[in-house]
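Chemist: This is the structure I want to talk about, given as structure tokens.
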Amino acid sequence: MGLSCECSCDYGNCGWWYEVHTIAKPLATKRTRKCVSCRRRISIGDPAYRINRWRIATGDVEERIHGEGGEVYLADWYFCLECGVLYHALEKVNVCFDLGTDDLRDILREFNAEYAPKGLPGFALKLPPLAMGR
């Protein structure tokens, strides 16, 4: 999708919803995971931001299990430390993108290129030093 200021979920068009945790915690799964944005491997014990996901129950079987309009929880996704910081910075300025398909580093580059005031070469979205290293 790329950079956008209008989210399709703002109008209830989403097939699923998500919530990104605000604090990075050591990955405590049985196997390594890949960052949903940059696809970098996250090893067990590495700091990561967990993304809880869910959708509305569909079909007779799911509605019997979860109730009509009940929530079906989907598998968690994860952000590596860098992408989690980028996500929260972009969220603060209301930038929309497709979680799971867009690389947040590309979205940041596009944001800085599109919205940097002309004549101010030092302008960029303010990020902690950790996220600016790459």
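Here, A, B, ... name the chains of the structure tokens in the order displayed, residue numbers run from 1 inside each chain, and ligands are numbered from 1 in the same displayed order.
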Show me, as an MDAnalysis selection string, the residues that have an atom within 8 Å of Cys38 of chain A when counting only C-alpha atoms, minus same-chain residues fewer than 2 positions from it.
Modeler: chainID A and resid 35:36 40 83 103:105
Chemist: Between atom CA of Leu81 of chain A and atom CA of Gly15 of chain A, what distance in Å does the model show, to one decimal?
Modeler: 26.7 Å
Chemist: What does the distance from atom CA of Glu91 of chain A to atom CA of Gly69 of chain A come to in Å, to one decimal?
Modeler: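 It comes out at 27.7 Å.
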Chemist: Counting only C-alpha atoms, figure out which residue out of A:Leu27, A:Tyr87, A:Asp76, A:Val20 gets nearest to Asp102 of chain A.
Modeler: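 Nearest candidate to Asp102 of chain A out of A:Leu27, A:Tyr87, A:Asp76, A:Val20: A:Tyr87.
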Chemist: For each of A:His88, A:Arg64, A:Arg50, A:Arg55, take the minimum atom-to-atom distance to Lys34 of chain A, counting only C-alpha atoms, then give the residue where this is smallest.
Modeler: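 Comparing A:His88, A:Arg64, A:Arg50, A:Arg55 against Lys34 of chain A, the winner is A:Arg50.
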Chemist: Pick out each residue of segment 8-68 of chain A that DSSP on the backbone tags as strand (DSSP E); I need them as a PyMOL selection string.
Modeler: chain A and resi 17-20+25-26+33-34+41-42+47-56
Chemist: Please produce an output containing C-alpha atoms for each residue in the selection, written as an mmCIF file, in the first residue's frame.
Modeler:
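Result written to again.cif:
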data_model
loop_
_atom_site.group_PDB
_atom_site.id
_atom_site.type_symbol
_atom_site.label_atom_id
_atom_site.label_comp_id
_atom_site.auth_asym_id
_atom_site.auth_seq_id
_atom_site.Cartn_x
_atom_site.Cartn_y
_atom_site.Cartn_z
ATOM 1 C CA TRP A 17 -7.349 -5.933 13.960
ATOM 2 C CA TYR A 18 -4.130 -5.693 15.898
ATOM 3 C CA GLU A 19 -2.504 -4.133 18.925
ATOM 4 C CA VAL A 20 1.257 -3.560 19.192
ATOM 5 C CA LYS A 25 10.269 -7.771 25.965
ATOM 6 C CA PRO A 26 12.598 -10.735 25.412
ATOM 7 C CA ARG A 33 10.408 -15.539 14.770
ATOM 8 C CA LYS A 34 10.762 -13.137 11.856
ATOM 9 C CA ARG A 41 15.257 -13.125 12.402
ATOM 10 C CA ILE A 42 14.444 -12.530 16.076
ATOM 11 C CA PRO A 47 13.937 -7.886 22.651
ATOM 12 C CA ALA A 48 10.807 -7.777 20.475
ATOM 13 C CA TYR A 49 7.441 -6.039 20.329
ATOM 14 C CA ARG A 50 4.535 -8.490 20.321
ATOM 15 C CA ILE A 51 1.574 -7.820 18.050
ATOM 16 C CA ASN A 52 -1.723 -9.342 19.205
ATOM 17 C CA ARG A 53 -4.154 -9.986 16.338
ATOM 18 C CA TRP A 54 -7.814 -10.993 16.148
ATOM 19 C CA ARG A 55 -10.856 -10.992 13.862
ATOM 20 C CA ILE A 56 -14.610 -11.432 14.168
#
Chemist: Identify all residues of segment 2-127 of chain A in helix (DSSP H, G or I) (DSSP on the backbone) and supply them as a VMD selection string.
Modeler: chain A and resid 8 to 11 59 to 66 81 to 92 104 to 115
Chemist: Quote the spacing between atom CA of Tyr115 of chain A and atom CA of Asp98 of chain A in Å to one decimal place.
Modeler: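 According to the coordinates, atom CA of Tyr115 of chain A and atom CA of Asp98 of chain A are separated by 19.3 Å.
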Chemist: With distances taken over only C-alpha atoms, which of A:Cys80, A:Ala89, A:Ile65, A:Leu74 is nearest to Gly45 of chain A?
Modeler: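 Ranking A:Cys80, A:Ala89, A:Ile65, A:Leu74 by distance to Gly45 of chain A, first place goes to A:Cys80.
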